[in-house]
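First the structure, in the form of structure tokens, and then the observations on it.
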Amino acid sequence: MRYIKLSNVEPGMVLGADIFDAHGRILLGRNAELGEEYINRLLDLGFDGVYVDDEMSAGIDVSPMISPELRNRGIECVRCQDLDGCAEVAREIVNEILKKGSISLDMADLRETDDYTYAHSINVAIYSCVIGMGFAMSEDQLEELVVAGLLHDLGKLAIPAEILNKPGRLTPEEFEIMKSHAKLSYELIKDRWDINALVKSAVLFHHENVDGSGYPRGLKSDEQIPYVKIIHVADVYDALVSKRPYKKPYSAYDACEFMMGACGIMFEEEVVRALLKYVPLYPKGKEMILSDERKCIIVENGGYHNLRPIVRLMDGTDIDLSEREYMDLTIRADDDLEVLDSEMEKRRSEILNSHVRCNLLIVDDMITNLQLLRNILEPIHNITLVKSGAQAIAYVNKNGRPDAVLLDIDMPQMDGIETAKQLREMTDNELPIIFVSALSDKETVAKCNAIGADGYILRPYKPAFIKSEIKRVLTGRGDCE
């Protein structure tokens with residue numbers, strides 16, 4: 001079985017996995033022959049690709065973590081806010097995953113994306129269960145985690161669709177409405193005596209960051225229970241790899257890089273590592289492109305092969321990228337991320353792209369750090385580099401306010417904190433400031449929070465996290481609301 005973009009599907013190909021609508025009803029069943037009418041209809045419904053069975057993919061086994069029937073029941077329970085049903089589904093999810101013996105997070109869910117919130121809740125429940133297994137949690141604890149995953153976004157059902165799916169910057173008022181979903185979710189379950197208090201806490205605080213910069217209460221790591229940290233990691237990872245009206249999905253590789261880059265800021269590192277232990281960087285059955293431009297299909301990705309998988313070329317030859325003779329080859333791109341957009345998606349992309357290239361002022365006394373950030377950001381933003389706080393102040397005096405400042409904390413003469421205070425005063429507190437540091441101790445983070453830092457980036461740099469953090473600050477939304 002292999003996953004193939006709809007733009008590359010040829011009439012006569014045979015479907016390798018069921019395709020569902022947003023309500024869990026089968027649109028097309030496995031083994032159905034894909035004719036032009038079916039292909040065009042799937043494109044109209046917003047599907048990016050499908051799994052097919054053919055000679056090229058013989059022997060590649062891709063299976064879901066839970067049965068489609070159980071996934072569909074879970075989606076319906078979340079949709080109907082059936083709390084008793086969610087508890088029963090949670091027990092069955094844990095039971096199915098524990099019975100599998102081996103964990104495979106390879107298979108993409110093929111369904112309409114109109115009701116993302118429901119499918120997202122199931123995915124978060126599954127990821128949370130896998131993380132909990134990584135911490136050797138008991139079956140009862142796993143069930144509680146899964147219940148929290150199913151219920152964590154119930155409050156989003158009360159958020160207007162025009163805010164949930166807005167293809168651009170959220171206004172401050174809209175972002176406050178968006179943030180209210182955590183409390184709304186909690187309100188729906190707080191009076192249920194049969195729902196564990198730990199589950200309720202995970203639902204209420206699943207957007208708290210370990211550095212205290214999250215919401216609704218700004219809890220720091222030592223104030224958060226493990227369930228909160230686990231649901232937070234599962235929630236963000238699924239948001240990153242999912243397609244939304246306002247963004248394309250991250251590849252698994254880039255999502256993993258983002259997660260690691262945000263450790264100590266958003267996430268507890270041990271929790272991220274527990275998830276990434278089971279996340280395939282290159283999912284089985286996915287079509288990819290090698291550095292020499294040849295297309296291939298991922299055949300095996302377990303263990304060491306997660307970094308250097310076995311791939312099948314389009315002439316049917318299997319090669320092991322971990323072998324010395326193929327060490328010069330790398331996997332260049334995730335071929336399924338270039339999706340065919342409908343006219344609406346094209347219009348949304350134009351709206352987003354028109355705001356991508358912004359003017360960034362980067363302040364750091366180390367030339368190597370400046371060069372690294374320039375290499376990462378110059379392809380997508382206009383970059384100005386200065387080596388001190390005094391130079392930054394002089395630049396703003398002469399040229400006016402940039403769109404954002406990336407500011408090193410530890411600099412001689414005038415440190416980043418004092419520079420930030422003066423820049424804020426010069427710009428009526430309207431200049432977005434993202435601090436950059438190798439330090440993540442409580443005292444440093446507290447100083448940044450005290451002056452209202454808009455973001456925080458830790459060295460060593462993780463490009464995916466840097467880009468996403470800047471996007472969040474500039475647009476008012478990231479990839480993980």
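We name chains A, B, ... following the order of the structure tokens; residues begin at 1 in each chain, and ligands are numbered from 1 as shown.
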
Mind the document's chain letters and residue numbers, and return as a CSV table (one decimal) with N, CA, C and O atoms, in the first residue's frame the residues of stretch 358-410 of chain A that DSSP labels strand (DSSP E).
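To be explicit, this is the file written out as result14.csv:
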```
chain,number,residue,atom,x,y,z
A,359,ASN,N,9.9,42.8,7.9
A,359,ASN,CA,11.2,43.4,8.3
A,359,ASN,C,11.6,43.1,9.7
A,359,ASN,O,10.9,43.5,10.6
A,360,LEU,N,12.6,42.3,9.8
A,360,LEU,CA,13.1,41.8,11.1
A,360,LEU,C,14.5,42.5,11.5
A,360,LEU,O,15.4,42.5,10.6
A,361,LEU,N,14.6,43.0,12.7
A,361,LEU,CA,15.8,43.5,13.2
A,361,LEU,C,16.4,42.4,14.2
A,361,LEU,O,15.7,42.1,15.1
A,362,ILE,N,17.6,41.9,13.9
A,362,ILE,CA,18.2,40.9,14.7
A,362,ILE,C,19.4,41.5,15.5
A,362,ILE,O,20.3,42.1,14.8
A,363,VAL,N,19.4,41.4,16.8
A,363,VAL,CA,20.4,42.0,17.6
A,363,VAL,C,21.2,40.9,18.4
A,363,VAL,O,20.6,40.2,19.2
A,382,ASN,N,12.9,40.2,5.3
A,382,ASN,CA,13.9,41.2,5.1
A,382,ASN,C,14.7,41.3,6.4
A,382,ASN,O,14.1,41.6,7.5
A,383,ILE,N,16.0,41.1,6.4
A,383,ILE,CA,16.8,41.0,7.6
A,383,ILE,C,17.7,42.2,7.7
A,383,ILE,O,18.4,42.5,6.8
A,384,THR,N,17.8,42.8,9.0
A,384,THR,CA,18.8,43.7,9.3
A,384,THR,C,19.5,43.2,10.5
A,384,THR,O,18.9,42.9,11.5
A,385,LEU,N,20.9,43.2,10.5
A,385,LEU,CA,21.7,42.7,11.6
A,385,LEU,C,22.4,43.8,12.3
A,385,LEU,O,23.0,44.6,11.6
A,386,VAL,N,22.4,43.8,13.6
A,386,VAL,CA,23.2,44.8,14.4
A,386,VAL,C,23.8,44.0,15.6
A,386,VAL,O,23.3,43.0,16.0
A,404,ALA,N,9.4,43.3,13.8
A,404,ALA,CA,9.7,42.6,15.0
A,404,ALA,C,11.2,42.6,15.2
A,404,ALA,O,12.0,42.8,14.3
A,405,VAL,N,11.6,42.4,16.5
A,405,VAL,CA,13.0,42.4,16.9
A,405,VAL,C,13.3,41.0,17.5
A,405,VAL,O,12.6,40.6,18.4
A,406,LEU,N,14.4,40.4,17.0
A,406,LEU,CA,15.0,39.2,17.7
A,406,LEU,C,16.1,39.7,18.5
A,406,LEU,O,17.1,40.2,17.9
A,407,LEU,N,16.1,39.5,19.8
A,407,LEU,CA,17.0,40.2,20.7
A,407,LEU,C,17.7,39.3,21.6
A,407,LEU,O,17.1,38.6,22.4
A,408,ASP,N,19.1,39.2,21.5
A,408,ASP,CA,19.8,38.4,22.4
A,408,ASP,C,19.8,39.0,23.8
A,408,ASP,O,19.8,40.2,24.0
```

Subject >> Residues of stretch 128-367 of chain A in alpha helix (DSSP H), written as a PyMOL selection string >> reply: chain A and resi 128-134+139-151+161-164+172-179+181-189+197-204+226-241+252-261+269-276+343-353+367

Subject >> Exercise: stretch 419-430 of chain A partners within 7 Å, only C-alpha atoms, chain neighbours under 4 positions left out, as a list in words >> reply: Gly389, Ile393, Arg401, Met414 and Asp415 of chain A

Output file for the selection above: all heavy atoms, as a tab-separated table (two decimals), in the first residue's frame:
```tsv
chain	number	residue	atom	x	y	z
A	389	GLY	N	22.83	46.66	21.63
A	389	GLY	CA	21.60	47.35	21.94
A	389	GLY	C	21.62	48.79	21.47
A	389	GLY	O	20.62	49.32	20.98
A	393	ILE	N	18.93	50.64	18.94
A	393	ILE	CA	18.20	51.88	19.24
A	393	ILE	C	18.45	52.93	18.16
A	393	ILE	O	17.53	53.62	17.70
A	393	ILE	CB	18.61	52.40	20.63
A	393	ILE	CG1	18.08	51.43	21.70
A	393	ILE	CG2	18.09	53.81	20.87
A	393	ILE	CD1	18.66	51.65	23.07
A	401	ARG	N	10.04	51.81	13.15
A	401	ARG	CA	9.79	50.53	13.80
A	401	ARG	C	9.80	49.38	12.79
A	401	ARG	O	9.07	49.41	11.81
A	401	ARG	CB	8.43	50.57	14.52
A	401	ARG	CG	8.06	49.27	15.22
A	401	ARG	CD	6.85	49.47	16.10
A	401	ARG	NE	5.64	49.66	15.33
A	401	ARG	CZ	4.86	48.67	14.89
A	401	ARG	NH1	5.17	47.42	15.16
A	401	ARG	NH2	3.76	48.92	14.21
A	414	MET	N	24.98	47.02	27.22
A	414	MET	CA	23.53	47.10	27.39
A	414	MET	C	22.93	45.73	27.06
A	414	MET	O	22.98	45.30	25.91
A	414	MET	CB	22.93	48.17	26.46
A	414	MET	CG	21.42	48.35	26.63
A	414	MET	SD	20.71	49.48	25.39
A	414	MET	CE	21.57	50.99	25.79
A	415	ASP	N	22.39	45.06	28.06
A	415	ASP	CA	21.86	43.72	27.79
A	415	ASP	C	20.51	43.79	27.10
A	415	ASP	O	19.94	44.87	26.88
A	415	ASP	CB	21.78	42.88	29.08
A	415	ASP	CG	20.75	43.42	30.09
A	415	ASP	OD1	19.89	44.24	29.71
A	415	ASP	OD2	20.82	43.01	31.27
```

**OP:** Take atom CA of A:Ile4 and atom CA of A:Leu321 and report the distance between them in Å, one decimal.
**Re:**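 Between atom CA of A:Ile4 and atom CA of A:Leu321 the gap is 21.5 Å.
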
Subject >> Length of the atom CA of A:Asp410 to atom CA of A:Pro432 vector [Å] >> reply: 18.7 Å

Original post:
Could you state the separation of atom CA of A:Pro309 and atom CA of A:Ser63 in Å, given to one decimal place?
Top reply: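 So the two atoms, atom CA of A:Pro309 and atom CA of A:Ser63, lie 17.8 Å apart.
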
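The residue that comes closest to A:Gly24, out of A:Pro283, A:Gly455, A:Pro226, A:Gly74 and on the basis of only C-alpha atoms, is A:Gly74.
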
Original post:
Which residue, A:Val94, A:Ile39, A:Ile60, A:Leu70, has the smallest gap to A:Asp318 when you use only C-alpha atoms?
Top reply: A:Ile60

Original post:
Out of A:Ser185, A:Asn123, A:Ser221, A:Ser322, which residue has the shortest atom-to-atom distance to A:Leu204 when counting only C-alpha atoms?
Top reply: A:Ser185
